[in-house]
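Quick notes on the structure that follows.
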Amino acid sequence: MAASPLRRLTLAHLPTPLWHHPALDDQVGTEVWVKRDDMTGGAEAGNKIRKLEFLLACATEEQATVVLTCGAAQSNHARATVLLAAGLGLRSVLFLRTADPLAPPQWVGNLLLDRLVAAEIRFVTPEQYGQRDRIMAEAAAELRRAGERPYLIPEGGSNGRGALGYVEAMREVRSQLDSGLAGGPRPFDAVVHACGSGGTAAGCVLGAARYGVAPTVWSIAVCESRSVFETVIGRIVSEAAPLLEGDPHLSDLRVVDDYRGPAYGVASDAQRDFIATVARRSGLILDPVYSGKALYGLAELASKPRRVLFLHTGGLPGLLAQAETFAP
Ligand SMILES: Cc1ncc(COP(=O)(O)O)c(C=O)c1O
């Protein structure tokens with residue numbers, strides 16, 4: 001059965017606040033309005049719920065019994081998926097990347113939550129992870145033979161349907177601006193956010209132009225290079241655009257890959273200091289994998305947009321899993 005493109009479940013607590021703190025403006029060196037998508041929910045909070053409202057709608061419409069997805073061992077996307085799936089009565093299977101599956105990582109942060117809802121976790125090596133789409137398709141075929149109805153969600157929930165979540169987020173911001181939040185209807189100069197699998201960027205590129213939120217989207221890469229992300233985001237935009245009514249309008253996309261730090265999931269000393277200073281001065285908690293690197297990147301840019309909508313995309317369990325790296 002083909003699912004209707006815009007079918008959506010109500011899973012997130014919306015609208016999320018638009019938050020401003022003068023100390024943050026000082027620290028970042030420009031006017032920053034934070035879209036608090038770290039507050040889209042409880043333990044399942046973060047940017048992924050917005051995508052999952054569309055993806056899990058499709059899963060339930062197809063009467064799925066089990067959801068399959070993938071990510072890093074501390075994947076926020078995997079955690080949001082399994083928590084929401086459990087609430088919908090769906091079983092879930094995760095393919096999580098780790099250096100050595102025979103010595104699995106500690107059950108902390110996101111992994112602890114995955115385990116609490118009894119998600120089935122299959123650890124894979126980085127090499128196997130490179131073949132994740134094939135591995136998940138084979139696992140789905142196996143589950144089908146066992147009488148299950150599997151639904152596959154790609155890394156980060158990042159496909160055309162998932163990206164609709166951020167088209168809708170931009171509509172939400174437009175109505176907040178129209179109702180006088182952030183000083184009135186004037187658009188921002190840019191949307192800035194952390195980019196990990198490209199779906200948030202694609203949704204923002206389509207939605208920020210459509211709803212007059214900002215002419216430019218700055219996607220601060222946390223893993224891949226600029227050229228990889230430009231290709232990935234372009235592909236997701238072209239999948240999402242036909243699901244929308246009318247001609248697509250696109251904001252300019254600027255992918256910045258200078259602030260990835262030492263490795264995916266590893267922040268530099270300067271990035272950790274930045275996160276700690278933001279917390280101390282403004283009470284805003286960023287994570288060292290995504291939002292902390294993205295806001296640090298904005299603060300470091302030599303030529304910054306003047307009035308910014310910064311998407312706080314969540315990631316708190318990832319911070320808690322790195323407690324020892326923030327020891328005094
Ligand atoms: C907390 C957080 N922020 C940002 C992102 C990046 O979003 P996207 O995967 O849509 O690029 C992710 C996931 O990758 C995330 O978990």
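Simple scheme: letters A, B, ... for chains in structure tokens order, numbers from 1 for residues in each chain, numbers from 1 for ligands in the order shown.
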Checklist entry - Using the chain letters and numbers from this document, which residues of segment 119-319 of chain A does DSSP assign to alpha helix (DSSP H), as a ChimeraX atom specification? => result /A:126-130,132-145,160-178,199-210,226-240,269-282,291-300,316-319
Write as an mmCIF file with C-alpha atoms, in the first residue's frame the residues around ligand 1, taking 9 Å as the cut-off and counting only C-alpha atoms and all ligand atoms.
data_model
loop_
_atom_site.group_PDB
_atom_site.id
_atom_site.type_symbol
_atom_site.label_atom_id
_atom_site.label_comp_id
_atom_site.auth_asym_id
_atom_site.auth_seq_id
_atom_site.Cartn_x
_atom_site.Cartn_y
_atom_site.Cartn_z
ATOM 1 C CA ASP A 38 16.075 19.997 22.283
ATOM 2 C CA ALA A 45 13.681 14.803 22.464
ATOM 3 C CA GLY A 46 15.748 16.333 19.668
ATOM 4 C CA ASN A 47 15.433 17.000 15.960
ATOM 5 C CA LYS A 48 14.663 13.408 15.020
ATOM 6 C CA LYS A 51 11.286 13.490 10.919
ATOM 7 C CA GLY A 71 23.591 4.889 13.413
ATOM 8 C CA GLN A 74 25.486 6.786 20.629
ATOM 9 C CA SER A 75 22.988 7.641 17.881
ATOM 10 C CA ASN A 76 20.307 10.105 18.988
ATOM 11 C CA HIS A 77 18.272 9.109 15.976
ATOM 12 C CA ALA A 78 18.330 5.428 16.957
ATOM 13 C CA GLU A 155 20.515 6.747 8.886
ATOM 14 C CA GLY A 156 19.327 9.857 10.705
ATOM 15 C CA GLY A 157 15.801 9.463 9.304
ATOM 16 C CA SER A 158 17.230 11.395 6.396
ATOM 17 C CA GLY A 162 11.831 12.577 6.914
ATOM 18 C CA ALA A 163 13.004 15.976 5.665
ATOM 19 C CA TYR A 166 12.015 20.409 8.941
ATOM 20 C CA HIS A 193 22.467 23.961 12.532
ATOM 21 C CA ALA A 194 24.586 20.833 12.973
ATOM 22 C CA CYS A 195 24.604 18.515 9.980
ATOM 23 C CA GLY A 196 25.087 14.765 10.480
ATOM 24 C CA SER A 197 23.078 12.983 7.793
ATOM 25 C CA GLY A 198 21.606 15.844 5.776
ATOM 26 C CA GLY A 199 17.858 15.542 6.418
ATOM 27 C CA THR A 200 17.549 18.566 8.690
ATOM 28 C CA ALA A 201 19.513 20.647 6.181
ATOM 29 C CA ALA A 202 17.332 19.503 3.271
ATOM 30 C CA GLY A 203 14.108 20.311 5.125
ATOM 31 C CA SER A 219 24.909 23.534 7.764
ATOM 32 C CA ALA A 221 29.162 19.450 9.257
ATOM 33 C CA VAL A 222 30.088 17.171 12.156
ATOM 34 C CA ILE A 233 21.562 17.199 0.874
ATOM 35 C CA LEU A 286 24.846 21.896 24.178
ATOM 36 C CA ASP A 287 26.214 18.486 23.292
ATOM 37 C CA VAL A 289 28.774 15.756 19.054
ATOM 38 C CA TYR A 290 26.338 18.078 17.241
ATOM 39 C CA SER A 291 24.919 21.329 18.620
ATOM 40 C CA ALA A 294 27.710 23.838 15.315
ATOM 41 C CA LEU A 311 18.512 25.083 15.686
ATOM 42 C CA HIS A 312 19.286 23.391 18.967
ATOM 43 C CA THR A 313 18.824 19.842 17.758
ATOM 44 C CA GLY A 314 19.177 18.082 21.118
ATOM 45 C CA GLY A 315 21.698 15.349 21.901
ATOM 46 C CA LEU A 316 21.758 15.519 25.705
ATOM 47 C CA GLY A 318 25.412 11.982 24.042
#
Checklist entry - Which distance in Å separates atom CA of Leu295 of chain A and atom CA of Pro154 of chain A, to one decimal? => result 26.0 Å
Checklist entry - Hey, what's within 9 Å of Pro248 of chain A if we count only C-alpha atoms and toss same-chain stuff fewer than 6 positions away? As a PyMOL selection string, please? => result chain A and resi 206+209-210+241-242
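Take the candidates A:Ala323, A:Leu11, A:Ala86, A:Ile153 and check each one against Ile49 of chain A using only C-alpha atoms; the shortest distance goes to A:Leu11.
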Checklist entry - Within 12 Å of Leu88 of chain A, counting only C-alpha atoms, which residues qualify if same-chain residues fewer than 2 places away don't, as a ChimeraX atom specification? => result /A:9-11,52-53,56-57,59-61,63-67,81-86,90-92,117
Checklist entry - Could you pull the residues within 7 Å of segment 264-278 of chain A, counting only C-alpha atoms, minus those fewer than 4 positions along the same chain, as a PyMOL selection string? => result chain A and resi 24+222-223+260+282-284+286+288-289+292-293+296
How about saving the chosen residues, N, CA and C atoms kept, as a short mmCIF file (atom, residue, chain, number, x, y, z; two decimals), in the first residue's frame?
data_model
loop_
_atom_site.label_atom_id
_atom_site.label_comp_id
_atom_site.auth_asym_id
_atom_site.auth_seq_id
_atom_site.Cartn_x
_atom_site.Cartn_y
_atom_site.Cartn_z
N LEU A 24 24.59 34.95 25.32
CA LEU A 24 24.92 34.06 24.20
C LEU A 24 25.29 34.90 22.98
N VAL A 222 29.41 17.78 11.01
CA VAL A 222 30.09 17.17 12.16
C VAL A 222 30.81 15.89 11.76
N CYS A 223 30.64 15.44 10.53
CA CYS A 223 31.32 14.18 10.15
C CYS A 223 31.90 14.29 8.73
N ARG A 260 34.63 20.24 12.46
CA ARG A 260 34.29 18.86 12.82
C ARG A 260 35.06 18.38 14.04
N SER A 282 24.85 31.18 30.19
CA SER A 282 23.46 31.35 29.77
C SER A 282 22.56 30.19 30.18
N GLY A 283 23.13 29.14 30.75
CA GLY A 283 22.30 28.01 31.19
C GLY A 283 21.88 27.10 30.05
N LEU A 284 22.40 27.34 28.86
CA LEU A 284 22.03 26.50 27.71
C LEU A 284 23.00 25.32 27.63
N LEU A 286 24.58 22.40 25.54
CA LEU A 286 24.85 21.90 24.18
C LEU A 286 25.54 20.55 24.30
N PRO A 288 28.48 17.66 22.81
CA PRO A 288 29.80 17.75 22.16
C PRO A 288 29.86 17.09 20.79
N VAL A 289 28.76 16.48 20.34
CA VAL A 289 28.77 15.76 19.05
C VAL A 289 28.15 16.61 17.94
N GLY A 292 26.94 21.55 19.99
CA GLY A 292 28.10 22.29 20.53
C GLY A 292 29.08 22.64 19.42
N LYS A 293 29.33 21.67 18.52
CA LYS A 293 30.25 21.95 17.41
C LYS A 293 29.66 22.98 16.46
N TYR A 296 29.73 26.47 18.11
CA TYR A 296 31.15 26.85 18.14
C TYR A 296 31.57 27.33 16.75
#
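On the backbone of this structure, DSSP gives strand (DSSP E or B) within segment 219-322 of chain A to Ser219, Ile220, Ala221, Asp252, Leu253, Arg254, Val255, Val256, Ala263, Val266, Arg307, Val308, Leu309, Phe310, Leu311 and His312 of chain A.
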Those same residues - C-alpha atoms - I'd like them written as a compact mmCIF listing (two decimals), in the first residue's frame.
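Saved the output as part-v7.txt:
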# COMPACT_ATOMS: atom_id res chain seq x y z
CA SER A 219 24.91 23.53 7.76
CA ILE A 220 27.86 22.93 10.06
CA ALA A 221 29.16 19.45 9.26
CA ASP A 252 21.06 29.10 -0.39
CA LEU A 253 22.95 26.24 1.24
CA ARG A 254 26.37 26.79 2.77
CA VAL A 255 27.99 23.68 4.15
CA VAL A 256 30.92 24.41 6.46
CA ALA A 263 36.74 13.10 14.89
CA VAL A 266 35.06 13.82 19.71
CA ARG A 307 20.62 37.67 12.91
CA VAL A 308 20.59 33.92 13.23
CA LEU A 309 18.06 31.21 13.92
CA PHE A 310 20.17 28.50 15.55
CA LEU A 311 18.51 25.08 15.69
CA HIS A 312 19.29 23.39 18.97
Checklist entry - What does the distance between atom CA of Trp218 of chain A and atom CA of Ala190 of chain A come to in Å, to one decimal place? => result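 About the pair atom CA of Trp218 of chain A and atom CA of Ala190 of chain A: they are 6.9 Å apart.
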Item to check | Distance of atom CA of Tyr259 of chain A from atom CA of Leu112 of chain A, expressed in Å to one decimal place | outcome: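 According to the coordinates, atom CA of Leu112 of chain A and atom CA of Tyr259 of chain A are separated by 28.4 Å.
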For segment 124-203 of chain A against segment 97-108 of chain A, with a cut-off of 7 Å and counting only C-alpha atoms, what is the closest atom pair and its distance in Å to one decimal for every residue that makes the cut, ordered by chain and number, as JSON lines?
{"residue": "A:Val124", "atom": "CA", "partner": "A:Arg97", "partner_atom": "CA", "distance": 5.0}
{"residue": "A:Thr125", "atom": "CA", "partner": "A:Thr98", "partner_atom": "CA", "distance": 5.5}
{"residue": "A:Pro126", "atom": "CA", "partner": "A:Arg97", "partner_atom": "CA", "distance": 5.8}
{"residue": "A:Tyr129", "atom": "CA", "partner": "A:Arg97", "partner_atom": "CA", "distance": 6.1}
Item to check | Residue nearest Leu152 of chain A among A:Ala139, A:Leu320, A:Ala43, A:Val167 (counting only C-alpha atoms) | outcome: A:Ala139
Next on the checklist: Show me, as a ChimeraX atom specification, the residues that have an atom within 9 Å of segment 13-19 of chain A when counting only C-alpha atoms, minus same-chain residues fewer than 5 positions from it.
Outcome noted: /A:32-42,45,169,172-173,176,181-182,309
